[in-house]
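Everything below concerns the one structure shown next.
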Amino acid sequence: MSALSSAPPASPGTVPRVGLIVVATARYTRFVPDLLASARRHLLPGAADVRFFVCTDRPAEIPPEAVPLPVEHRPWPYATLLRYHHVVRHAAAFTDCDYLFQCDADMRFVADTEGGLLPVGGSGLVGVEHPGFCWKPSRWDRLRQRLGFEVRRGRGRRGSYETDPRSLACVAKHEGEVYYAGGFAGGTRDAYLALARTLAERIDRDLAREIIAVWHDESHLNRYFIDHPPHRLDPRYCYPESWQLPYPRILLALDKEHSALRAPL
Ligand code: GAL
């Protein structure tokens with residue numbers, strides 16, 4: 001279990017340097033200005049020196065405060081599947097960062113992040129429990145809890161791990177308890193770069209055998225997190241915009257028109 005820092009004090013020169021990496025190619029660049037403005041306001045306000053990196057094929061559309069990192073546009077699902085390849089390819093750009101986070105382009109911060117976002121110790125990684133599988137106790141579960149009985153997650157809520165043994169993302173039936181969202185994750189620079197290198201290599205080895213895991217990069221992230229347990233954030237950091245969950249909203253996953261965004265250019 002990792003010890004966690006609360007928000008570090010804000011004094012110049014001592015604040016942690018945090019890089020937020022966003023992949024935004026083709027139509028997804030439209031999300032970047034609002035995402036960065038929201039992160040500027042809400043991501044570790046007063047507690048970190050936040051820098052933005054946007055992996056894109058359209059640098060002219062990226063706000064000047066972000067560092068554009070050139071990548072080619074590849075149609076879905078490669079835009080998400082290859083996110084770790086982009087991190088590895090541009091690793092030198094992150095030398096001055098103490099921590100790295102990656103979030104989907106179509107997300108938006110709507111409230112200040114809280115202490116505990118930056119990991120100390122443990123695997124050095126941070127993951128967000130997927131909102132679709134978080135444990136929502138039924139009334140019966142709540143009654144059992146009140147009476148002091150242990151209430152476990154149902155198997156159906158375990159998450160959508162890759163179960164095909166041919167994929168390097170495969171999770172066996174006896175493994176895995178928490179299913180993490182691929183949309184927001186991070187860690188110390190070294191821990192996150194190690195994760196990115198391993199995932200890019202495993203995804204390549206899958207692709208060489210014409211395998212793409214069921215939820216693409218997210219499946220590989222979940223496999224990695226079983227072996228390197230992250231500090232777990234609840235779904236307030238991946239809150240689907242139109243859902244109602246028993247958490248406050250900090251980072252929204254925006255509702256979007258998938259087919260229009262993913263249509264061939
Ligand atoms: C969906 C989400 C996908 C993937 C999937 C996993 O709700 O839109 O991106 O995370 O859950 O089952």
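Convention: chains lettered A, B, ... in structure tokens order; per-chain residue numbering from 1; ligands numbered from 1 as shown.
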Got a sec to check which residues lie within 12 Å of ligand 1, using only C-alpha atoms and all ligand atoms, and send them as an MDAnalysis selection string? chainID A and resid 76:77 80:81 104 106 128:134 156:162 179:184 213:222 238:241 243 253:258
Contacts of Asp227 in chain A within 10 Å, only C-alpha atoms, excl. fewer than 3 positions in-chain, as a PDB file with N, CA and C atoms, in the first residue's frame:
```pdb
ATOM      1  N   SER A 123       4.118   1.336  -6.068  1.00  0.00           N
ATOM      2  CA  SER A 123       4.547   1.185  -7.461  1.00  0.00           C
ATOM      3  C   SER A 123       4.858   2.539  -8.095  1.00  0.00           C
ATOM      4  N   GLU A 175      -7.501 -13.796 -11.112  1.00  0.00           N
ATOM      5  CA  GLU A 175      -6.757 -12.546 -10.916  1.00  0.00           C
ATOM      6  C   GLU A 175      -7.692 -11.347 -11.060  1.00  0.00           C
ATOM      7  N   GLY A 176      -7.208 -10.224 -10.542  1.00  0.00           N
ATOM      8  CA  GLY A 176      -7.905  -8.971 -10.798  1.00  0.00           C
ATOM      9  C   GLY A 176      -9.071  -8.762  -9.864  1.00  0.00           C
ATOM     10  N   ASN A 222      -4.702  -2.607 -17.465  1.00  0.00           N
ATOM     11  CA  ASN A 222      -5.240  -3.400 -16.361  1.00  0.00           C
ATOM     12  C   ASN A 222      -4.360  -4.596 -16.033  1.00  0.00           C
ATOM     13  N   ARG A 223      -3.824  -5.227 -17.069  1.00  0.00           N
ATOM     14  CA  ARG A 223      -2.892  -6.347 -16.814  1.00  0.00           C
ATOM     15  C   ARG A 223      -1.688  -5.842 -16.013  1.00  0.00           C
ATOM     16  N   TYR A 224      -1.147  -4.702 -16.435  1.00  0.00           N
ATOM     17  CA  TYR A 224       0.042  -4.146 -15.778  1.00  0.00           C
ATOM     18  C   TYR A 224      -0.274  -3.772 -14.328  1.00  0.00           C
ATOM     19  N   PRO A 230      -1.469   0.172  -8.541  1.00  0.00           N
ATOM     20  CA  PRO A 230      -1.351   1.625  -8.424  1.00  0.00           C
ATOM     21  C   PRO A 230      -2.051   2.127  -7.172  1.00  0.00           C
TER      22      PRO A 230
END
```
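For the set A:Pro63, A:Gly115, A:Gly121, A:Pro70, the residue with the smallest atom-to-atom gap to Thr25 in chain A is A:Pro70, counting only C-alpha atoms.
Shell of range 189-196 of chain A at 8 Å, with only C-alpha atoms counted and residues fewer than 5 places along the chain excluded, is Tyr84, His85, Val87, Val88, Ala91, Phe94, Cys97, Asp98, Tyr99, Leu100, Ser123, Gly124, Leu125 and Tyr224 of chain A.
If only C-alpha atoms are the atoms counted, then among A:Ala208, A:Gly116, A:Gly122, A:Pro165 the closest residue to Leu233 in chain A is A:Gly116.
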For the structure I just gave you, how does DSSP split range 19-124 of chain A - specifically, which residues are strand (DSSP E or B)? Reply as a PyMOL selection string. chain A and resi 19-23+49-56+66-70+99-103+107-109+119-120
Could you give me the residues within range 100-221 of chain A that DSSP places in helix (DSSP H, G or I), as an MDAnalysis selection string? chainID A and resid 139:146 155:157 189:208 216:221
File dump, residues just selected, N, CA, C and O atoms, as a short mmCIF file (atom, residue, chain, number, x, y, z; two decimals), in the first residue's frame:
```cif
data_model
loop_
_atom_site.label_atom_id
_atom_site.label_comp_id
_atom_site.auth_asym_id
_atom_site.auth_seq_id
_atom_site.Cartn_x
_atom_site.Cartn_y
_atom_site.Cartn_z
N ARG A 139 -29.33 -2.13 -1.84
CA ARG A 139 -29.92 -1.86 -0.51
C ARG A 139 -29.64 -3.03 0.43
O ARG A 139 -29.37 -2.86 1.61
N TRP A 140 -29.69 -4.24 -0.12
CA TRP A 140 -29.42 -5.45 0.67
C TRP A 140 -27.97 -5.43 1.15
O TRP A 140 -27.68 -5.70 2.31
N ASP A 141 -27.06 -5.04 0.24
CA ASP A 141 -25.64 -4.96 0.62
C ASP A 141 -25.46 -3.94 1.75
O ASP A 141 -24.71 -4.17 2.70
N ARG A 142 -26.16 -2.81 1.59
CA ARG A 142 -25.99 -1.75 2.62
C ARG A 142 -26.49 -2.23 3.97
O ARG A 142 -25.89 -1.97 5.02
N LEU A 143 -27.60 -2.98 3.96
CA LEU A 143 -28.14 -3.51 5.21
C LEU A 143 -27.15 -4.49 5.82
O LEU A 143 -26.84 -4.44 7.02
N ARG A 144 -26.60 -5.36 4.97
CA ARG A 144 -25.61 -6.33 5.46
C ARG A 144 -24.40 -5.62 6.06
O ARG A 144 -23.89 -6.02 7.10
N GLN A 145 -24.00 -4.53 5.38
CA GLN A 145 -22.85 -3.77 5.89
C GLN A 145 -23.16 -3.18 7.27
O GLN A 145 -22.34 -3.25 8.18
N ARG A 146 -24.35 -2.60 7.37
CA ARG A 146 -24.74 -1.99 8.66
C ARG A 146 -24.74 -3.01 9.77
O ARG A 146 -24.44 -2.73 10.91
N ARG A 155 -19.08 -10.85 -8.86
CA ARG A 155 -18.19 -11.21 -9.97
C ARG A 155 -18.52 -10.41 -11.22
O ARG A 155 -17.66 -10.06 -11.99
N GLY A 156 -19.80 -10.11 -11.41
CA GLY A 156 -20.21 -9.37 -12.59
C GLY A 156 -19.65 -7.97 -12.62
O GLY A 156 -19.61 -7.33 -13.66
N ARG A 157 -19.20 -7.48 -11.48
CA ARG A 157 -18.68 -6.12 -11.42
C ARG A 157 -17.16 -6.10 -11.51
O ARG A 157 -16.54 -5.09 -11.26
N ARG A 189 7.60 9.98 -12.92
CA ARG A 189 8.06 9.89 -14.32
C ARG A 189 8.64 8.51 -14.61
O ARG A 189 8.29 7.88 -15.61
N ASP A 190 9.50 8.03 -13.73
CA ASP A 190 10.17 6.76 -14.04
C ASP A 190 9.19 5.59 -14.04
O ASP A 190 9.27 4.71 -14.89
N ALA A 191 8.27 5.59 -13.08
CA ALA A 191 7.30 4.49 -13.03
C ALA A 191 6.39 4.53 -14.25
O ALA A 191 6.07 3.49 -14.84
N TYR A 192 6.01 5.74 -14.65
CA TYR A 192 5.08 5.84 -15.79
C TYR A 192 5.79 5.50 -17.10
O TYR A 192 5.21 4.85 -17.97
N LEU A 193 7.04 5.91 -17.22
CA LEU A 193 7.78 5.57 -18.46
C LEU A 193 8.03 4.07 -18.53
O LEU A 193 7.97 3.47 -19.61
N ALA A 194 8.29 3.45 -17.39
CA ALA A 194 8.48 1.99 -17.39
C ALA A 194 7.19 1.30 -17.83
O ALA A 194 7.21 0.35 -18.62
N LEU A 195 6.07 1.79 -17.32
CA LEU A 195 4.77 1.25 -17.72
C LEU A 195 4.59 1.42 -19.23
O LEU A 195 4.22 0.47 -19.95
N ALA A 196 4.86 2.63 -19.72
CA ALA A 196 4.65 2.90 -21.15
C ALA A 196 5.51 2.00 -22.02
O ALA A 196 5.05 1.46 -23.04
N ARG A 197 6.76 1.80 -21.62
CA ARG A 197 7.66 0.94 -22.42
C ARG A 197 7.14 -0.49 -22.46
O ARG A 197 7.09 -1.13 -23.51
N THR A 198 6.73 -0.99 -21.31
CA THR A 198 6.24 -2.38 -21.26
C THR A 198 4.96 -2.53 -22.09
O THR A 198 4.82 -3.48 -22.86
N LEU A 199 4.04 -1.57 -21.94
CA LEU A 199 2.77 -1.70 -22.66
C LEU A 199 2.97 -1.56 -24.16
O LEU A 199 2.38 -2.31 -24.95
N ALA A 200 3.82 -0.63 -24.58
CA ALA A 200 4.06 -0.47 -26.03
C ALA A 200 4.63 -1.77 -26.59
O ALA A 200 4.23 -2.23 -27.67
N GLU A 201 5.54 -2.37 -25.85
CA GLU A 201 6.15 -3.60 -26.34
C GLU A 201 5.13 -4.75 -26.39
O GLU A 201 5.06 -5.49 -27.37
N ARG A 202 4.30 -4.86 -25.36
CA ARG A 202 3.30 -5.94 -25.36
C ARG A 202 2.26 -5.74 -26.47
O ARG A 202 1.81 -6.70 -27.10
N ILE A 203 1.88 -4.48 -26.68
CA ILE A 203 0.89 -4.19 -27.73
C ILE A 203 1.49 -4.53 -29.09
O ILE A 203 0.83 -5.12 -29.96
N ASP A 204 2.77 -4.21 -29.28
CA ASP A 204 3.44 -4.58 -30.54
C ASP A 204 3.47 -6.08 -30.72
O ASP A 204 3.26 -6.59 -31.83
N ARG A 205 3.77 -6.80 -29.65
CA ARG A 205 3.85 -8.27 -29.77
C ARG A 205 2.47 -8.84 -30.07
O ARG A 205 2.34 -9.79 -30.84
N ASP A 206 1.43 -8.27 -29.49
CA ASP A 206 0.06 -8.68 -29.85
C ASP A 206 -0.21 -8.38 -31.33
O ASP A 206 -0.70 -9.24 -32.07
N LEU A 207 0.11 -7.16 -31.75
CA LEU A 207 -0.18 -6.75 -33.13
C LEU A 207 0.54 -7.64 -34.13
O LEU A 207 0.00 -7.98 -35.19
N ALA A 208 1.76 -8.04 -33.77
CA ALA A 208 2.54 -8.91 -34.68
C ALA A 208 1.82 -10.24 -34.90
O ALA A 208 2.04 -10.91 -35.91
N HIS A 216 -8.35 -2.59 -25.96
CA HIS A 216 -7.16 -1.90 -26.49
C HIS A 216 -6.12 -1.66 -25.40
O HIS A 216 -5.77 -2.58 -24.66
N ASP A 217 -5.62 -0.42 -25.33
CA ASP A 217 -4.59 -0.08 -24.34
C ASP A 217 -5.10 -0.26 -22.91
O ASP A 217 -4.35 -0.61 -22.01
N GLU A 218 -6.41 -0.03 -22.71
CA GLU A 218 -6.97 -0.16 -21.35
C GLU A 218 -6.81 -1.59 -20.82
O GLU A 218 -6.57 -1.80 -19.63
N SER A 219 -6.95 -2.57 -21.71
CA SER A 219 -6.78 -3.97 -21.28
C SER A 219 -5.35 -4.20 -20.82
O SER A 219 -5.10 -4.86 -19.80
N HIS A 220 -4.39 -3.66 -21.57
CA HIS A 220 -2.98 -3.84 -21.18
C HIS A 220 -2.67 -3.08 -19.90
O HIS A 220 -1.90 -3.55 -19.05
N LEU A 221 -3.28 -1.91 -19.74
CA LEU A 221 -3.07 -1.15 -18.51
C LEU A 221 -3.56 -1.96 -17.31
O LEU A 221 -2.89 -2.05 -16.27
#
```
Any idea what the distance is between CA of Gln102 in chain A and CA of Val50 in chain A? 12.5 Å
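The coordinates place CA of Cys103 in chain A at 25.3 Å from CA of Thr163 in chain A.
Counting only C-alpha atoms, the residue from A:Leu69, A:Pro248, A:Gly127, A:Pro64 that sits nearest to His228 in chain A is A:Gly127.
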Quick one: residues within 7 Å of Arg108 in chain A, only C-alpha atoms, excluding same-chain residues fewer than 4 positions away - as a list in words? Leu35, Ser38, Leu251, Leu252 and Ala253 of chain A
Could those residues be written to a file, using C-alpha atoms, as a tab-separated table (two decimals), in the first residue's frame?
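Output below, filename again.tsv:
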```
chain	number	residue	atom	x	y	z
A	35	LEU	CA	-9.20	20.64	-21.53
A	38	SER	CA	-9.63	23.39	-17.19
A	251	LEU	CA	-12.60	15.02	-14.12
A	252	LEU	CA	-15.42	14.48	-16.58
A	253	ALA	CA	-15.37	12.05	-19.49
```
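Between CA of Val15 in chain A and CA of Ala47 in chain A there is a distance of 6.3 Å.
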Would you list the contacts of Glu72 in chain A as a PyMOL selection string, taking every protein, DNA or RNA residue within 10 Å and counting only C-alpha atoms, but skipping same-chain residues closer than 6 positions in sequence? chain A and resi 25-26+55-58+79+86
If you keep C-alpha atoms, can you produce a file of those selected residues as a PDB file, in the first residue's frame?
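File produced: part32.pdb:
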```pdb
ATOM      1  CA  THR A  25      -5.049  13.819 -33.563  1.00  0.00           C
ATOM      2  CA  ALA A  26      -7.480  14.748 -36.332  1.00  0.00           C
ATOM      3  CA  CYS A  55       0.793  14.361 -29.169  1.00  0.00           C
ATOM      4  CA  THR A  56      -0.754  15.582 -32.399  1.00  0.00           C
ATOM      5  CA  ASP A  57      -0.658  15.730 -36.174  1.00  0.00           C
ATOM      6  CA  ARG A  58      -2.121  19.268 -36.094  1.00  0.00           C
ATOM      7  CA  ALA A  79      -5.382   6.475 -31.737  1.00  0.00           C
ATOM      8  CA  HIS A  86       3.850   8.097 -28.295  1.00  0.00           C
TER       9      HIS A  86
END
```
Selection: 10 Å around Ile62 in chain A, only C-alpha atoms, excl. self and same-chain fewer than 5 positions, as a PyMOL selection string: chain A and resi 24+29-33+36+53-57+67-68
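Using only C-alpha atoms for every distance, the candidate list A:Thr95, A:Thr113, A:Ser167, A:Thr14 yields A:Thr113 as the residue closest to Arg41 in chain A.
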